[in-house]
file upload.pdb (PDB, C-alpha atoms)
ATOM      1  CA  MET A   1      -0.601   4.964 -27.799  1.00  0.00           C
ATOM      2  CA  GLU A   2       0.688   3.097 -24.774  1.00  0.00           C
ATOM      3  CA  GLN A   3       4.424   3.490 -24.155  1.00  0.00           C
ATOM      4  CA  LEU A   4       4.768   1.614 -20.856  1.00  0.00           C
ATOM      5  CA  ARG A   5       2.645  -0.627 -18.670  1.00  0.00           C
ATOM      6  CA  ASN A   6       3.858  -2.254 -15.505  1.00  0.00           C
ATOM      7  CA  ALA A   7       2.514  -2.922 -12.019  1.00  0.00           C
ATOM      8  CA  HIS A   8       2.992   0.737 -11.018  1.00  0.00           C
ATOM      9  CA  PHE A   9       2.433   2.876 -14.126  1.00  0.00           C
ATOM     10  CA  VAL A  10       0.762   3.236 -17.457  1.00  0.00           C
ATOM     11  CA  VAL A  11       2.339   5.827 -19.756  1.00  0.00           C
ATOM     12  CA  ALA A  12       0.405   6.856 -22.850  1.00  0.00           C
ATOM     13  CA  HIS A  13       1.245   9.329 -25.596  1.00  0.00           C
ATOM     14  CA  GLU A  14      -0.922  10.824 -28.304  1.00  0.00           C
ATOM     15  CA  PRO A  15       1.489  12.144 -30.954  1.00  0.00           C
ATOM     16  CA  SER A  16      -1.191  14.159 -32.738  1.00  0.00           C
ATOM     17  CA  SER A  17      -2.017  16.141 -29.604  1.00  0.00           C
ATOM     18  CA  ARG A  18       1.460  16.115 -28.000  1.00  0.00           C
ATOM     19  CA  HIS A  19      -0.199  14.956 -24.803  1.00  0.00           C
ATOM     20  CA  PHE A  20       1.327  12.516 -22.323  1.00  0.00           C
ATOM     21  CA  ARG A  21      -0.583  10.774 -19.581  1.00  0.00           C
ATOM     22  CA  VAL A  22       1.128   9.011 -16.695  1.00  0.00           C
ATOM     23  CA  THR A  23      -1.295   6.963 -14.621  1.00  0.00           C
ATOM     24  CA  ARG A  24      -0.175   5.612 -11.267  1.00  0.00           C
ATOM     25  CA  THR A  25      -1.749   2.270 -10.373  1.00  0.00           C
ATOM     26  CA  SER A  26      -2.890   1.145  -6.921  1.00  0.00           C
ATOM     27  CA  VAL A  27       0.117  -1.133  -6.419  1.00  0.00           C
ATOM     28  CA  ALA A  28       2.375   0.116  -3.623  1.00  0.00           C
ATOM     29  CA  PHE A  29       6.133   0.279  -4.046  1.00  0.00           C
ATOM     30  CA  ALA A  30       7.846  -2.421  -1.978  1.00  0.00           C
ATOM     31  CA  THR A  31      10.939  -0.277  -1.382  1.00  0.00           C
ATOM     32  CA  ILE A  32      12.260   3.231  -1.991  1.00  0.00           C
ATOM     33  CA  ASP A  33      14.693   1.764  -4.527  1.00  0.00           C
ATOM     34  CA  GLU A  34      11.803   0.193  -6.441  1.00  0.00           C
ATOM     35  CA  MET A  35      10.035   3.567  -6.481  1.00  0.00           C
ATOM     36  CA  ARG A  36      13.149   5.244  -7.880  1.00  0.00           C
ATOM     37  CA  GLU A  37      13.607   2.557 -10.562  1.00  0.00           C
ATOM     38  CA  ARG A  38       9.991   2.691 -11.750  1.00  0.00           C
ATOM     39  CA  PHE A  39       9.924   6.497 -11.894  1.00  0.00           C
ATOM     40  CA  HIS A  40      13.220   6.583 -13.774  1.00  0.00           C
ATOM     41  CA  GLU A  41      11.666   4.279 -16.382  1.00  0.00           C
ATOM     42  CA  VAL A  42       8.808   6.748 -16.811  1.00  0.00           C
ATOM     43  CA  ILE A  43      11.160   9.742 -16.945  1.00  0.00           C
ATOM     44  CA  ALA A  44      13.321   8.021 -19.594  1.00  0.00           C
ATOM     45  CA  ILE A  45      10.271   7.519 -21.829  1.00  0.00           C
ATOM     46  CA  LEU A  46       9.183  11.145 -21.436  1.00  0.00           C
ATOM     47  CA  ASP A  47      12.721  12.332 -22.213  1.00  0.00           C
ATOM     48  CA  LYS A  48      12.894  10.117 -25.298  1.00  0.00           C
ATOM     49  CA  LEU A  49       9.547  11.323 -26.663  1.00  0.00           C
ATOM     50  CA  GLY A  50      10.321  14.997 -25.960  1.00  0.00           C
ATOM     51  CA  ARG A  51       8.794  17.433 -23.514  1.00  0.00           C
ATOM     52  CA  GLY A  52       9.132  20.994 -24.829  1.00  0.00           C
ATOM     53  CA  ASN A  53       5.888  21.452 -26.730  1.00  0.00           C
ATOM     54  CA  ALA A  54       3.965  18.689 -24.946  1.00  0.00           C
ATOM     55  CA  SER A  55       1.609  18.623 -21.989  1.00  0.00           C
ATOM     56  CA  LEU A  56       1.639  16.100 -19.169  1.00  0.00           C
ATOM     57  CA  LEU A  57      -1.211  14.777 -17.053  1.00  0.00           C
ATOM     58  CA  VAL A  58      -0.172  12.706 -14.034  1.00  0.00           C
ATOM     59  CA  ASP A  59      -3.149  10.772 -12.665  1.00  0.00           C
ATOM     60  CA  THR A  60      -2.515   9.814  -9.038  1.00  0.00           C
ATOM     61  CA  THR A  61      -6.109   8.974  -8.135  1.00  0.00           C
ATOM     62  CA  ALA A  62      -5.410   5.245  -7.671  1.00  0.00           C
ATOM     63  CA  ALA A  63      -2.006   5.654  -6.009  1.00  0.00           C
ATOM     64  CA  PRO A  64      -1.619   4.532  -2.406  1.00  0.00           C
ATOM     65  CA  ALA A  65      -1.263   7.509  -0.068  1.00  0.00           C
ATOM     66  CA  ARG A  66       2.235   7.960   1.271  1.00  0.00           C
ATOM     67  CA  ASN A  67       3.980  10.875   2.923  1.00  0.00           C
ATOM     68  CA  ASP A  68       6.512   9.399   5.335  1.00  0.00           C
ATOM     69  CA  PRO A  69       9.743  11.442   5.560  1.00  0.00           C
ATOM     70  CA  GLU A  70      11.942   8.811   3.867  1.00  0.00           C
ATOM     71  CA  PHE A  71       9.615   8.562   0.871  1.00  0.00           C
ATOM     72  CA  GLU A  72       9.168  12.336   0.611  1.00  0.00           C
ATOM     73  CA  ALA A  73      12.941  12.916   0.639  1.00  0.00           C
ATOM     74  CA  ALA A  74      13.504  10.312  -2.083  1.00  0.00           C
ATOM     75  CA  PHE A  75      10.559  11.510  -4.159  1.00  0.00           C
ATOM     76  CA  ASP A  76      11.391  15.250  -4.155  1.00  0.00           C
ATOM     77  CA  PRO A  77      14.030  15.215  -6.937  1.00  0.00           C
ATOM     78  CA  ILE A  78      12.092  12.606  -8.924  1.00  0.00           C
ATOM     79  CA  ARG A  79       8.922  14.691  -8.855  1.00  0.00           C
ATOM     80  CA  VAL A  80      10.807  17.779 -10.037  1.00  0.00           C
ATOM     81  CA  ARG A  81      12.368  15.835 -12.910  1.00  0.00           C
ATOM     82  CA  LEU A  82       9.068  14.184 -13.846  1.00  0.00           C
ATOM     83  CA  LEU A  83       7.136  17.459 -14.153  1.00  0.00           C
ATOM     84  CA  SER A  84       9.778  19.746 -15.638  1.00  0.00           C
ATOM     85  CA  GLY A  85      10.123  20.816 -19.238  1.00  0.00           C
ATOM     86  CA  PHE A  86       6.496  20.501 -20.329  1.00  0.00           C
ATOM     87  CA  ARG A  87       4.424  23.241 -21.888  1.00  0.00           C
ATOM     88  CA  ARG A  88       1.780  22.422 -19.260  1.00  0.00           C
ATOM     89  CA  ALA A  89       1.719  19.861 -16.456  1.00  0.00           C
ATOM     90  CA  ALA A  90      -1.276  18.779 -14.377  1.00  0.00           C
ATOM     91  CA  VAL A  91      -1.516  16.466 -11.397  1.00  0.00           C
ATOM     92  CA  LEU A  92      -4.872  14.760 -10.830  1.00  0.00           C
ATOM     93  CA  VAL A  93      -5.667  13.806  -7.223  1.00  0.00           C
ATOM     94  CA  LYS A  94      -8.614  12.088  -5.566  1.00  0.00           C
ATOM     95  CA  THR A  95      -8.764  13.468  -2.039  1.00  0.00           C
ATOM     96  CA  THR A  96      -8.557  16.821  -0.300  1.00  0.00           C
ATOM     97  CA  VAL A  97      -5.464  15.607   1.549  1.00  0.00           C
ATOM     98  CA  GLY A  98      -3.930  14.589  -1.785  1.00  0.00           C
ATOM     99  CA  ARG A  99      -4.663  18.030  -3.191  1.00  0.00           C
ATOM    100  CA  LEU A 100      -3.055  19.741  -0.199  1.00  0.00           C
ATOM    101  CA  GLN A 101       0.040  17.569  -0.561  1.00  0.00           C
ATOM    102  CA  ALA A 102       0.282  18.136  -4.342  1.00  0.00           C
ATOM    103  CA  ASP A 103      -0.245  21.891  -3.932  1.00  0.00           C
ATOM    104  CA  ARG A 104       2.536  21.951  -1.317  1.00  0.00           C
ATOM    105  CA  HIS A 105       4.809  20.093  -3.735  1.00  0.00           C
ATOM    106  CA  GLN A 106       4.027  22.527  -6.570  1.00  0.00           C
ATOM    107  CA  ARG A 107       4.840  25.517  -4.341  1.00  0.00           C
ATOM    108  CA  GLN A 108       8.037  23.855  -3.116  1.00  0.00           C
ATOM    109  CA  ASP A 109       9.195  22.810  -6.596  1.00  0.00           C
ATOM    110  CA  LYS A 110       8.097  25.936  -8.468  1.00  0.00           C
ATOM    111  CA  SER A 111       7.421  23.555 -11.352  1.00  0.00           C
ATOM    112  CA  GLY A 112       4.453  25.444 -12.755  1.00  0.00           C
ATOM    113  CA  ALA A 113       2.343  22.284 -12.550  1.00  0.00           C
ATOM    114  CA  GLN A 114      -1.298  22.656 -11.518  1.00  0.00           C
ATOM    115  CA  THR A 115      -3.307  20.366  -9.242  1.00  0.00           C
ATOM    116  CA  PHE A 116      -6.815  19.176 -10.145  1.00  0.00           C
ATOM    117  CA  SER A 117      -9.427  16.945  -8.576  1.00  0.00           C
ATOM    118  CA  GLU A 118     -11.571  16.680 -11.727  1.00  0.00           C
ATOM    119  CA  LEU A 119     -10.309  14.871 -14.817  1.00  0.00           C
ATOM    120  CA  THR A 120     -12.163  17.077 -17.298  1.00  0.00           C
ATOM    121  CA  LEU A 121     -10.567  20.223 -15.840  1.00  0.00           C
ATOM    122  CA  ALA A 122      -7.091  18.673 -15.871  1.00  0.00           C
ATOM    123  CA  GLU A 123      -7.528  17.582 -19.495  1.00  0.00           C
ATOM    124  CA  ALA A 124      -8.805  21.021 -20.508  1.00  0.00           C
ATOM    125  CA  PHE A 125      -5.836  22.674 -18.813  1.00  0.00           C
ATOM    126  CA  CYS A 126      -3.409  20.394 -20.655  1.00  0.00           C
ATOM    127  CA  ALA A 127      -5.155  20.997 -23.977  1.00  0.00           C
ATOM    128  CA  GLU A 128      -4.929  24.801 -23.742  1.00  0.00           C
ATOM    129  CA  ARG A 129      -2.376  26.431 -25.977  1.00  0.00           C
ATOM    130  CA  ASP A 130      -0.442  29.394 -24.694  1.00  0.00           C
ATOM    131  CA  SER A 131       2.847  31.130 -25.135  1.00  0.00           C
ATOM    132  CA  SER A 132       4.171  30.249 -21.683  1.00  0.00           C
ATOM    133  CA  PRO A 133       7.626  28.697 -21.548  1.00  0.00           C
ATOM    134  CA  PRO A 134       7.865  25.051 -20.550  1.00  0.00           C
ATOM    135  CA  THR A 135       7.681  24.280 -16.848  1.00  0.00           C
ATOM    136  CA  SER A 136      11.053  24.223 -15.183  1.00  0.00           C
ATOM    137  CA  PRO A 137      12.405  22.888 -11.928  1.00  0.00           C
ATOM    138  CA  ARG A 138      13.721  25.185  -9.232  1.00  0.00           C
ATOM    139  CA  ARG A 139      17.187  23.805  -9.894  1.00  0.00           C
ATOM    140  CA  VAL A 140      18.864  21.382 -12.237  1.00  0.00           C
ATOM    141  CA  LEU A 141      18.905  17.909 -10.741  1.00  0.00           C
ATOM    142  CA  SER A 142      20.566  14.728 -11.823  1.00  0.00           C
ATOM    143  CA  ASP A 143      18.564  11.543 -12.212  1.00  0.00           C
ATOM    144  CA  HIS A 144      19.972  10.113  -8.957  1.00  0.00           C
TER     145      HIS A 144
END

call {"tool": "encode", "arguments": {"input": "upload.pdb", "output": "structure tokens"}}
result
Amino acid sequence: MEQLRNAHFVVAHEPSSRHFRVTRTSVAFATIDEMRERFHEVIAILDKLGRGNASLLVDTTAAPARNDPEFEAAFDPIRVRLLSGFRRAAVLVKTTVGRLQADRHQRQDKSGAQTFSELTLAEAFCAERDSSPPTSPRRVLSDH
């Protein structure tokens, strides 16, 4: 069931499977402030629906590549907040460079999220049941 659709994201939730999917579109953010606002909308929906026993798949395959220092600095706390608190979290990437960047983020954040380049593997990972605690950020961060 779709929870949000805008120029930058589609957020879907399947209550029966406790699975969330956040799909990033190909539309670039015009400003850093716009990026923050759109991600905070997504985070608010995930918070409202509940994270603890759910899995999250973030599909970045259509997202425009971006790794300039200003964007990275603004995105760091948002990324941690987006991925934390889920039973399992997966990030789907399209390119080798995207995988390297996402893997670097996962090591930096210690979020427990896993990076995938194949949708079927990411979905299987999210569907697995285990007794692991929910993913957690390296530190508690505010939304701003």

call {"tool": "residues_around", "arguments": {"input": "upload.pdb", "residues": "region 6-23 of chain A", "least_positions_apart": "3", "cutoff": "10 Å", "atoms": "all atoms listed in the file", "output": "ChimeraX atom specification"}}
result
/A:1-3,26-29,34-35,38-39,41-42,45-46,49-63,82,86-92,123,126-127

call {"tool": "axis_aligned_box", "arguments": {"input": "upload.pdb", "around": "region 38-56 of chain A", "padding_each_side": "8 Å", "output": "lines of an AutoDock Vina configuration file"}}
result
center_x = 7.5
center_y = 12.1
center_z = -19.2
size_x = 27.7
size_y = 34.8
size_z = 31.0

call {"tool": "residues_near_point", "arguments": {"input": "upload.pdb", "point": "(-2.5, 24.9, -11.0)", "cutoff": "9 Å", "atoms": "all atoms listed in the file", "output": "JSON list (two decimals) with C-alpha atoms, in the frame of the given file"}}
result
[["chain", "number", "residue", "atom", "x", "y", "z"],
["A", 89, "ALA", "CA", 1.72, 19.86, -16.46],
["A", 90, "ALA", "CA", -1.28, 18.78, -14.38],
["A", 91, "VAL", "CA", -1.52, 16.47, -11.40],
["A", 103, "ASP", "CA", -0.24, 21.89, -3.93],
["A", 106, "GLN", "CA", 4.03, 22.53, -6.57],
["A", 112, "GLY", "CA", 4.45, 25.44, -12.76],
["A", 113, "ALA", "CA", 2.34, 22.28, -12.55],
["A", 114, "GLN", "CA", -1.30, 22.66, -11.52],
["A", 115, "THR", "CA", -3.31, 20.37, -9.24],
["A", 116, "PHE", "CA", -6.82, 19.18, -10.14],
["A", 125, "PHE", "CA", -5.84, 22.67, -18.81]]

call {"tool": "atom_distance", "arguments": {"input": "upload.pdb", "atom1": "CA of Asp47 (chain A)", "atom2": "CA of Phe71 (chain A)"}}
result
23.6 Å

call {"tool": "atom_distance", "arguments": {"input": "upload.pdb", "atom1": "CA of Asp33 (chain A)", "atom2": "CA of Arg66 (chain A)"}}
result
15.1 Å

call {"tool": "atom_distance", "arguments": {"input": "upload.pdb", "atom1": "CA of Thr31 (chain A)", "atom2": "CA of Ala65 (chain A)"}}
result
14.5 Å

call {"tool": "closest_residue", "arguments": {"input": "upload.pdb", "among": "A:Ile43, A:Ile32, A:Ala122, A:Leu4", "to": "Ser84 (chain A)", "atoms": "all atoms listed in the file"}}
result
A:Ile43

call {"tool": "resolve_selection", "arguments": {"input": "upload.pdb", "expression": "the PyMOL selection byres ((chain A and resi 78) around 8)", "output": "number ranges by chain"}}
result
A: 36, 39-40, 74-77, 79-82, 143

call {"tool": "build_atoms", "arguments": {"input": "upload.pdb", "residues": "region 5-24 of chain A", "atoms": "N, CA and C atoms", "output": "PDB file, keeping the file's coordinate frame"}}
result
ATOM      1  N   ARG A   5       3.635  -0.097 -19.610  1.00  0.00           N
ATOM      2  CA  ARG A   5       2.645  -0.627 -18.670  1.00  0.00           C
ATOM      3  C   ARG A   5       3.378  -1.602 -17.770  1.00  0.00           C
ATOM      4  N   ASN A   6       3.313  -1.320 -16.479  1.00  0.00           N
ATOM      5  CA  ASN A   6       3.858  -2.254 -15.505  1.00  0.00           C
ATOM      6  C   ASN A   6       2.953  -2.225 -14.279  1.00  0.00           C
ATOM      7  N   ALA A   7       3.363  -2.843 -13.209  1.00  0.00           N
ATOM      8  CA  ALA A   7       2.514  -2.922 -12.019  1.00  0.00           C
ATOM      9  C   ALA A   7       2.238  -1.555 -11.403  1.00  0.00           C
ATOM     10  N   HIS A   8       3.093  -0.564 -11.676  1.00  0.00           N
ATOM     11  CA  HIS A   8       2.992   0.737 -11.018  1.00  0.00           C
ATOM     12  C   HIS A   8       2.523   1.879 -11.912  1.00  0.00           C
ATOM     13  N   PHE A   9       2.734   1.763 -13.221  1.00  0.00           N
ATOM     14  CA  PHE A   9       2.433   2.876 -14.126  1.00  0.00           C
ATOM     15  C   PHE A   9       1.871   2.416 -15.463  1.00  0.00           C
ATOM     16  N   VAL A  10       1.100   3.315 -16.048  1.00  0.00           N
ATOM     17  CA  VAL A  10       0.762   3.236 -17.457  1.00  0.00           C
ATOM     18  C   VAL A  10       1.141   4.599 -18.031  1.00  0.00           C
ATOM     19  N   VAL A  11       1.945   4.591 -19.088  1.00  0.00           N
ATOM     20  CA  VAL A  11       2.339   5.827 -19.756  1.00  0.00           C
ATOM     21  C   VAL A  11       1.794   5.774 -21.167  1.00  0.00           C
ATOM     22  N   ALA A  12       0.999   6.789 -21.506  1.00  0.00           N
ATOM     23  CA  ALA A  12       0.405   6.856 -22.850  1.00  0.00           C
ATOM     24  C   ALA A  12       0.789   8.174 -23.496  1.00  0.00           C
ATOM     25  N   HIS A  13       0.838   8.157 -24.820  1.00  0.00           N
ATOM     26  CA  HIS A  13       1.245   9.329 -25.596  1.00  0.00           C
ATOM     27  C   HIS A  13       0.392   9.408 -26.844  1.00  0.00           C
ATOM     28  N   GLU A  14      -0.168  10.566 -27.077  1.00  0.00           N
ATOM     29  CA  GLU A  14      -0.922  10.824 -28.304  1.00  0.00           C
ATOM     30  C   GLU A  14      -0.111  11.786 -29.160  1.00  0.00           C
ATOM     31  N   PRO A  15       0.624  11.277 -30.150  1.00  0.00           N
ATOM     32  CA  PRO A  15       1.489  12.144 -30.954  1.00  0.00           C
ATOM     33  C   PRO A  15       0.762  13.303 -31.619  1.00  0.00           C
ATOM     34  N   SER A  16      -0.467  13.088 -32.045  1.00  0.00           N
ATOM     35  CA  SER A  16      -1.191  14.159 -32.738  1.00  0.00           C
ATOM     36  C   SER A  16      -1.515  15.328 -31.818  1.00  0.00           C
ATOM     37  N   SER A  17      -1.678  15.066 -30.541  1.00  0.00           N
ATOM     38  CA  SER A  17      -2.017  16.141 -29.604  1.00  0.00           C
ATOM     39  C   SER A  17      -0.834  16.564 -28.737  1.00  0.00           C
ATOM     40  N   ARG A  18       0.295  15.835 -28.837  1.00  0.00           N
ATOM     41  CA  ARG A  18       1.460  16.115 -28.000  1.00  0.00           C
ATOM     42  C   ARG A  18       1.075  16.104 -26.521  1.00  0.00           C
ATOM     43  N   HIS A  19       0.303  15.090 -26.164  1.00  0.00           N
ATOM     44  CA  HIS A  19      -0.199  14.956 -24.803  1.00  0.00           C
ATOM     45  C   HIS A  19       0.274  13.630 -24.222  1.00  0.00           C
ATOM     46  N   PHE A  20       0.889  13.709 -23.041  1.00  0.00           N
ATOM     47  CA  PHE A  20       1.327  12.516 -22.323  1.00  0.00           C
ATOM     48  C   PHE A  20       0.426  12.324 -21.115  1.00  0.00           C
ATOM     49  N   ARG A  21       0.170  11.080 -20.796  1.00  0.00           N
ATOM     50  CA  ARG A  21      -0.583  10.774 -19.581  1.00  0.00           C
ATOM     51  C   ARG A  21       0.151   9.676 -18.829  1.00  0.00           C
ATOM     52  N   VAL A  22       0.485   9.966 -17.582  1.00  0.00           N
ATOM     53  CA  VAL A  22       1.128   9.011 -16.695  1.00  0.00           C
ATOM     54  C   VAL A  22       0.106   8.671 -15.620  1.00  0.00           C
ATOM     55  N   THR A  23      -0.297   7.414 -15.587  1.00  0.00           N
ATOM     56  CA  THR A  23      -1.295   6.963 -14.621  1.00  0.00           C
ATOM     57  C   THR A  23      -0.620   6.046 -13.616  1.00  0.00           C
ATOM     58  N   ARG A  24      -0.728   6.418 -12.359  1.00  0.00           N
ATOM     59  CA  ARG A  24      -0.175   5.612 -11.267  1.00  0.00           C
ATOM     60  C   ARG A  24      -1.222   4.591 -10.862  1.00  0.00           C
TER      61      ARG A  24
END
